[in-house]
>>> print(open('my_file.cif').read())   # mmCIF, C-alpha atoms
data_query
#
loop_
_atom_site.label_atom_id
_atom_site.label_comp_id
_atom_site.auth_asym_id
_atom_site.auth_seq_id
_atom_site.Cartn_x
_atom_site.Cartn_y
_atom_site.Cartn_z
CA MET A 1 0.00 0.00 0.00
CA LEU A 2 2.85 2.39 0.87
CA GLN A 3 4.56 1.57 -2.41
CA ASN A 4 1.40 2.37 -4.36
CA PHE A 5 1.00 5.66 -2.46
CA ILE A 6 4.57 6.66 -3.36
CA LYS A 7 3.84 5.82 -7.01
CA ARG A 8 0.76 8.04 -6.91
CA ILE A 9 2.74 10.95 -5.44
CA ILE A 10 5.56 10.68 -7.99
CA THR A 11 3.10 10.34 -10.88
CA SER A 12 1.08 13.31 -9.62
CA ILE A 13 4.20 15.52 -9.47
CA ILE A 14 5.16 14.52 -13.03
CA LEU A 15 1.61 15.11 -14.28
CA LEU A 16 1.43 18.53 -12.61
CA SER A 17 4.77 19.54 -14.16
CA LEU A 18 3.63 18.40 -17.61
CA PHE A 19 0.32 20.19 -17.28
CA LEU A 20 1.96 23.49 -16.25
CA PHE A 21 4.36 23.24 -19.20
CA ILE A 22 1.56 22.46 -21.67
CA ASN A 23 -0.77 25.09 -20.20
CA PHE A 24 1.69 27.98 -20.25
CA THR A 25 3.54 27.22 -23.46
CA HIS A 26 2.62 27.89 -27.11
CA GLN A 27 -0.96 27.33 -28.24
CA TYR A 28 0.19 24.78 -30.83
CA ILE A 29 1.76 22.64 -28.11
CA PHE A 30 -1.39 22.99 -26.01
CA ILE A 31 -3.81 21.86 -28.72
CA SER A 32 -1.42 19.09 -29.86
CA SER A 33 -1.26 17.78 -26.27
CA ILE A 34 -5.05 17.94 -25.91
CA LEU A 35 -5.47 15.95 -29.14
CA ILE A 36 -2.97 13.34 -27.93
CA LEU A 37 -4.87 13.05 -24.63
CA GLY A 38 -8.09 12.69 -26.64
CA ALA A 39 -6.59 9.84 -28.65
CA ILE A 40 -5.48 8.01 -25.48
CA ILE A 41 -8.94 8.50 -23.93
CA CYS A 42 -10.54 6.98 -27.05
CA ILE A 43 -8.18 3.99 -26.92
CA GLU A 44 -8.88 3.40 -23.22
CA SER A 45 -12.64 3.78 -23.67
CA ASN A 46 -12.49 1.37 -26.63
CA ASN A 47 -10.84 -1.26 -24.42
CA MET A 48 -13.43 -0.62 -21.70
CA PHE A 49 -16.35 -0.93 -24.14
CA SER A 50 -14.91 -4.12 -25.64
CA LYS A 51 -14.94 -5.73 -22.20
CA LEU A 52 -18.40 -4.33 -21.55
CA VAL A 53 -19.77 -5.82 -24.78
CA GLY A 54 -17.84 -9.06 -24.26
CA ILE A 55 -19.55 -9.62 -20.89
CA THR A 56 -22.97 -9.11 -22.44
CA PHE A 57 -22.05 -11.26 -25.43
CA LYS A 58 -21.35 -14.25 -23.20
CA LYS A 59 -24.79 -13.94 -21.67
CA LYS A 60 -26.62 -13.64 -25.00
CA LYS A 61 -24.56 -15.45 -27.62
CA ASN A 62 -27.20 -15.24 -30.32
CA LEU A 63 -27.19 -11.43 -30.29
CA ASN A 64 -23.59 -10.86 -31.41
CA LYS A 65 -24.55 -8.58 -34.34
CA GLU A 66 -26.64 -6.34 -32.10
CA PHE A 67 -23.82 -5.91 -29.63
CA ASP A 68 -21.29 -5.31 -32.39
CA ILE A 69 -23.46 -2.36 -33.41
CA LYS A 70 -23.67 -1.16 -29.79
CA PHE A 71 -19.88 -1.36 -29.53
CA LEU A 72 -19.51 0.70 -32.72
CA ILE A 73 -22.05 3.29 -31.56
CA LEU A 74 -20.37 3.68 -28.17
CA ASN A 75 -17.01 4.28 -29.82
CA LEU A 76 -18.41 6.74 -32.36
CA ILE A 77 -20.15 8.75 -29.63
CA THR A 78 -16.94 8.78 -27.58
CA PHE A 79 -14.83 9.83 -30.57
CA PHE A 80 -17.21 12.67 -31.44
CA TYR A 81 -17.51 13.86 -27.84
CA VAL A 82 -13.79 13.73 -27.05
CA PHE A 83 -12.51 15.47 -30.19
CA PHE A 84 -15.36 17.76 -31.22
CA ILE A 85 -16.57 18.75 -27.76
CA PHE A 86 -13.91 18.19 -25.07
CA CYS A 87 -10.85 19.11 -27.17
CA ASN A 88 -12.68 21.88 -28.98
CA TYR A 89 -13.97 23.62 -25.86
CA SER A 90 -10.68 23.12 -24.02
CA TYR A 91 -9.00 25.08 -26.82
CA LYS A 92 -11.72 27.75 -26.82
CA ILE A 93 -11.57 28.34 -23.06
CA HIS A 94 -7.77 28.34 -23.08
CA THR A 95 -7.73 30.87 -25.93
CA MET A 96 -10.59 33.11 -24.76
CA GLU A 97 -10.00 33.13 -20.99
CA GLY A 98 -6.26 32.47 -20.92
CA PRO A 99 -4.00 29.84 -19.32
CA ILE A 100 -4.43 31.23 -15.78
CA PHE A 101 -8.19 30.76 -15.90
CA PHE A 102 -7.77 27.31 -17.48
CA LEU A 103 -5.52 26.37 -14.55
CA TYR A 104 -8.18 27.71 -12.19
CA LEU A 105 -10.86 25.61 -13.91
CA ILE A 106 -8.78 22.43 -13.79
CA SER A 107 -8.01 23.17 -10.12
CA ILE A 108 -11.72 23.17 -9.26
CA CYS A 109 -12.05 19.66 -10.73
CA PHE A 110 -8.82 18.54 -9.07
CA PHE A 111 -9.83 19.72 -5.59
CA THR A 112 -13.30 18.28 -6.12
CA ASP A 113 -11.65 14.90 -6.58
CA ILE A 114 -9.32 15.41 -3.60
CA GLY A 115 -12.17 16.51 -1.33
CA GLY A 116 -14.19 13.41 -2.17
CA TYR A 117 -11.22 11.18 -1.44
CA VAL A 118 -10.26 12.88 1.86
CA PHE A 119 -13.78 13.09 3.32
CA GLY A 120 -14.66 9.63 2.03
CA LYS A 121 -11.62 8.07 3.71
CA ILE A 122 -11.71 10.02 6.96
CA ILE A 123 -15.47 10.25 7.58
CA GLY A 124 -16.86 7.47 5.38
CA GLY A 125 -20.50 6.76 6.10
CA LYS A 126 -23.45 6.02 3.87
CA LYS A 127 -22.74 5.05 0.26
CA LEU A 128 -23.81 7.54 -2.38
CA SER A 129 -24.76 5.07 -5.12
CA LYS A 130 -24.46 1.45 -6.19
CA ILE A 131 -22.78 2.70 -9.37
CA SER A 132 -19.56 3.38 -7.46
CA PRO A 133 -19.42 1.66 -4.02
CA ASN A 134 -16.42 3.75 -2.95
CA LYS A 135 -18.37 7.02 -3.28
CA THR A 136 -20.01 8.27 -0.08
CA ILE A 137 -22.34 11.13 0.81
CA SER A 138 -19.63 12.59 3.04
CA GLY A 139 -17.26 12.41 0.07
CA THR A 140 -19.71 14.38 -2.04
CA ILE A 141 -19.95 17.07 0.63
CA GLY A 142 -16.16 17.13 0.84
CA SER A 143 -15.94 17.54 -2.92
CA PHE A 144 -18.11 20.64 -2.82
CA ILE A 145 -16.17 22.11 0.13
CA PHE A 146 -12.74 21.51 -1.40
CA SER A 147 -13.87 22.88 -4.77
CA PHE A 148 -13.74 26.39 -3.22
CA ILE A 149 -10.01 26.13 -2.44
CA PRO A 150 -9.01 27.42 -5.92
CA LEU A 151 -11.19 30.50 -5.37
CA LEU A 152 -9.27 31.16 -2.13
CA LEU A 153 -5.97 30.68 -3.94
CA PHE A 154 -6.84 32.84 -6.94
CA SER A 155 -9.00 35.51 -5.26
CA ASN A 156 -6.01 37.78 -4.60
CA SER A 157 -4.38 37.09 -7.94
CA LYS A 158 -3.72 40.09 -10.17
CA TYR A 159 -4.33 37.90 -13.21
CA LEU A 160 -7.92 36.94 -12.37
CA ASN A 161 -10.74 39.15 -11.19
CA LEU A 162 -12.35 36.68 -8.80
CA GLU A 163 -14.55 37.59 -5.87
CA PHE A 164 -16.75 35.69 -3.42
CA ASN A 165 -19.95 36.70 -5.18
CA LYS A 166 -23.04 34.70 -6.14
CA GLU A 167 -21.92 34.16 -9.72
CA ASN A 168 -18.53 32.67 -8.80
CA ILE A 169 -19.98 30.53 -6.01
CA LEU A 170 -22.68 29.15 -8.30
CA PHE A 171 -20.11 28.58 -11.07
CA ILE A 172 -17.87 26.55 -8.73
CA LEU A 173 -20.75 24.48 -7.38
CA LEU A 174 -21.98 23.63 -10.89
CA VAL A 175 -18.50 22.77 -12.18
CA SER A 176 -17.91 20.57 -9.12
CA LEU A 177 -21.28 18.87 -9.58
CA ILE A 178 -20.65 18.18 -13.28
CA SER A 179 -17.18 16.86 -12.48
CA GLN A 180 -18.64 14.46 -9.90
CA LEU A 181 -21.36 13.30 -12.31
CA GLY A 182 -18.70 12.70 -14.94
CA ASP A 183 -16.74 10.60 -12.46
CA LEU A 184 -19.88 8.59 -11.67
CA SER A 185 -20.64 8.09 -15.37
CA ILE A 186 -17.25 6.56 -16.11
CA SER A 187 -17.48 4.52 -12.88
CA TYR A 188 -20.78 3.12 -14.15
CA PHE A 189 -19.18 1.86 -17.37
CA LYS A 190 -16.16 0.48 -15.50
CA ARG A 191 -18.44 -1.35 -13.10
CA LYS A 192 -20.44 -2.81 -16.00
CA ALA A 193 -17.20 -3.87 -17.70
CA LYS A 194 -15.93 -5.28 -14.38
CA ILE A 195 -12.64 -3.37 -14.47
CA LYS A 196 -10.99 -1.21 -11.81
CA ASP A 197 -9.06 1.11 -14.13
CA THR A 198 -9.38 2.08 -17.80
CA GLY A 199 -5.63 1.73 -18.34
CA LYS A 200 -2.17 1.36 -16.80
CA ILE A 201 -0.35 4.31 -18.35
CA LEU A 202 -0.16 6.21 -15.03
CA PRO A 203 1.57 4.22 -12.24
CA GLY A 204 -0.57 4.23 -9.10
CA HIS A 205 -3.44 6.02 -10.86
CA GLY A 206 -4.57 3.79 -13.73
CA GLY A 207 -5.39 5.32 -17.11
CA ILE A 208 -5.73 8.84 -18.46
CA LEU A 209 -9.52 8.46 -18.49
CA ASP A 210 -9.45 7.53 -14.79
CA ARG A 211 -7.86 10.90 -14.02
CA LEU A 212 -9.81 13.03 -16.49
CA ASP A 213 -13.25 11.44 -16.11
CA GLY A 214 -14.70 14.51 -14.40
CA ILE A 215 -12.70 17.06 -16.37
CA ILE A 216 -13.83 15.89 -19.81
CA PHE A 217 -17.42 16.69 -18.78
CA ALA A 218 -16.73 19.80 -16.71
CA ILE A 219 -14.79 21.74 -19.34
CA PRO A 220 -17.44 21.77 -22.12
CA CYS A 221 -20.16 22.64 -19.60
CA SER A 222 -17.95 25.39 -18.17
CA TYR A 223 -17.82 27.02 -21.59
CA TYR A 224 -21.60 27.54 -21.54
CA LEU A 225 -21.60 28.50 -17.88
CA LEU A 226 -19.14 31.26 -18.70
CA LYS A 227 -21.54 32.50 -21.36
CA LEU A 228 -24.32 32.65 -18.75
CA PHE A 229 -22.25 34.39 -16.09
#
>>> encode(input="my_file.cif", output="structure tokens")
Amino acid sequence: MLQNFIKRIITSIILLSLFLFINFTHQYIFISSILILGAIICIESNNMFSKLVGITFKKKKNLNKEFDIKFLILNLITFFYVFFIFCNYSYKIHTMEGPIFFLYLISICFFTDIGGYVFGKIIGGKKLSKISPNKTISGTIGSFIFSFIPLLLFSNSKYLNLEFNKENILFILLVSLISQLGDLSISYFKRKAKIKDTGKILPGHGGILDRLDGIIFAIPCSYYLLKLF
């Protein structure tokens, strides 16, 4: 367990360093990196869906054509969403709002994840849903509480005009909620496919999709939330 924790810490430091480099470097490097991440997400989701369809196929052997079509549809939807929605809106937000705000947005999702983990482990309690047995109600509350940490960190920044007003509070709560729902959605598919992680590319963490499950939903929704606020 200690060895796995050390792996997670080392991997997290490397990921943070890579993200900061990609986020604050040239736009061409940023969009190229986002497209590479999109490709990896599609590969990992393809492997997850193949196991999902394979499980169903064993139960209903005479319906192989139907489930081949389902497999194709799932991959097509994922491909469209990842490249035309997630990658597209990541680029738009990064270009329109700037790298500092993009870092702020990613931080909300990151601390949402951390808050759920910390409160879930320390407090525990009643399970949130059968979809993901590790998720607890206390973890959800912790996710919302921790999601305000970036606002505290960036409120005095000269680069962002952030205040503790209704608009920013509502924005954070909605982004955190969407991030958590995204996490639950991917957990649902993993549970159906009977896998713990979508990949092994990140030591101690699993796959890229395991780490970006909330972010890939939060970013596109954030684009429209910014339009509203």
>>> resolve_selection(input="my_file.cif", expression="the PyMOL selection byres ((chain A and resi 121) around 10)", output="PDB file with C-alpha atoms, in the frame of the given file")
ATOM      1  CA  GLY A 115     -12.170  16.510  -1.330  1.00  0.00           C
ATOM      2  CA  GLY A 116     -14.190  13.410  -2.170  1.00  0.00           C
ATOM      3  CA  TYR A 117     -11.220  11.180  -1.440  1.00  0.00           C
ATOM      4  CA  VAL A 118     -10.260  12.880   1.860  1.00  0.00           C
ATOM      5  CA  PHE A 119     -13.780  13.090   3.320  1.00  0.00           C
ATOM      6  CA  GLY A 120     -14.660   9.630   2.030  1.00  0.00           C
ATOM      7  CA  ILE A 122     -11.710  10.020   6.960  1.00  0.00           C
ATOM      8  CA  ILE A 123     -15.470  10.250   7.580  1.00  0.00           C
ATOM      9  CA  GLY A 124     -16.860   7.470   5.380  1.00  0.00           C
ATOM     10  CA  GLY A 125     -20.500   6.760   6.100  1.00  0.00           C
ATOM     11  CA  ASN A 134     -16.420   3.750  -2.950  1.00  0.00           C
ATOM     12  CA  LYS A 135     -18.370   7.020  -3.280  1.00  0.00           C
ATOM     13  CA  THR A 136     -20.010   8.270  -0.080  1.00  0.00           C
ATOM     14  CA  SER A 138     -19.630  12.590   3.040  1.00  0.00           C
ATOM     15  CA  GLY A 139     -17.260  12.410   0.070  1.00  0.00           C
TER      16      GLY A 139
END
>>> residues_near_point(input="my_file.cif", point="(-9.7, -1.6, -12.7)", cutoff="12 Å", atoms="all atoms listed in the file", output="list in words")
Glu44, Asn47, Met48, Lys51, Ile186, Ser187, Phe189, Lys190, Arg191, Lys192, Ala193, Lys194, Ile195, Lys196, Asp197, Thr198, Gly199, Lys200, Gly204, His205, Gly206, Gly207, Leu209 and Asp210 of chain A
>>> resolve_selection(input="my_file.cif", expression="the PyMOL selection byres ((chain A and resi 82-91) around 9)", output="VMD selection string")
chain A and resid 27 30 to 31 34 to 35 37 to 39 41 to 42 77 to 81 92 to 96 102 215 to 223
>>> residues_near_point(input="my_file.cif", point="(-16.7, 2.0, -30.4)", cutoff="10 Å", atoms="only C-alpha atoms", output="ChimeraX atom specification")
/A:42-43,45-50,68-79
>>> write_last_selection(input="my_file.cif", atoms="C-alpha atoms", output="PDB file, in the frame of the given file")
ATOM      1  CA  CYS A  42     -10.540   6.980 -27.050  1.00  0.00           C
ATOM      2  CA  ILE A  43      -8.180   3.990 -26.920  1.00  0.00           C
ATOM      3  CA  SER A  45     -12.640   3.780 -23.670  1.00  0.00           C
ATOM      4  CA  ASN A  46     -12.490   1.370 -26.630  1.00  0.00           C
ATOM      5  CA  ASN A  47     -10.840  -1.260 -24.420  1.00  0.00           C
ATOM      6  CA  MET A  48     -13.430  -0.620 -21.700  1.00  0.00           C
ATOM      7  CA  PHE A  49     -16.350  -0.930 -24.140  1.00  0.00           C
ATOM      8  CA  SER A  50     -14.910  -4.120 -25.640  1.00  0.00           C
ATOM      9  CA  ASP A  68     -21.290  -5.310 -32.390  1.00  0.00           C
ATOM     10  CA  ILE A  69     -23.460  -2.360 -33.410  1.00  0.00           C
ATOM     11  CA  LYS A  70     -23.670  -1.160 -29.790  1.00  0.00           C
ATOM     12  CA  PHE A  71     -19.880  -1.360 -29.530  1.00  0.00           C
ATOM     13  CA  LEU A  72     -19.510   0.700 -32.720  1.00  0.00           C
ATOM     14  CA  ILE A  73     -22.050   3.290 -31.560  1.00  0.00           C
ATOM     15  CA  LEU A  74     -20.370   3.680 -28.170  1.00  0.00           C
ATOM     16  CA  ASN A  75     -17.010   4.280 -29.820  1.00  0.00           C
ATOM     17  CA  LEU A  76     -18.410   6.740 -32.360  1.00  0.00           C
ATOM     18  CA  ILE A  77     -20.150   8.750 -29.630  1.00  0.00           C
ATOM     19  CA  THR A  78     -16.940   8.780 -27.580  1.00  0.00           C
ATOM     20  CA  PHE A  79     -14.830   9.830 -30.570  1.00  0.00           C
TER      21      PHE A  79
END
>>> closest_residue(input="my_file.cif", among="A:Gly214, A:Phe21, A:Phe171, A:Ile137", to="Ser185 of chain A", atoms="all atoms listed in the file")
A:Gly214
>>> atom_distance(input="my_file.cif", atom1="atom CA of Leu170 of chain A", atom2="atom CA of Phe101 of chain A")
16.4 Å
>>> atom_distance(input="my_file.cif", atom1="atom CA of Leu226 of chain A", atom2="atom CA of Ile40 of chain A")
27.8 Å
>>> atom_distance(input="my_file.cif", atom1="atom CA of Ile29 of chain A", atom2="atom CA of Leu160 of chain A")
23.4 Å
>>> closest_residue(input="my_file.cif", among="A:Glu97, A:Leu18, A:Thr140, A:Gly54", to="Gln180 of chain A", atoms="all atoms listed in the file")
A:Thr140
>>> closest_residue(input="my_file.cif", among="A:Ile100, A:Ile208, A:Leu225, A:Arg8", to="Lys158 of chain A", atoms="only C-alpha atoms")
A:Ile100
>>> residues_around(input="my_file.cif", residues="segment 144-149 of chain A", least_positions_apart="5", cutoff="6 Å", atoms="all atoms listed in the file", output="PyMOL selection string")
chain A and resi 108+111-112+115
>>> resolve_selection(input="my_file.cif", expression="the PyMOL selection byres ((chain A and resi 162) around 12)", output="list in words")
Ile100, Phe101, Tyr104, Phe148, Pro150, Leu151, Leu152, Leu153, Phe154, Ser155, Asn156, Ser157, Lys158, Tyr159, Leu160, Asn161, Glu163, Phe164, Asn165, Lys166, Glu167, Asn168, Ile169, Phe171 and Ile172 of chain A
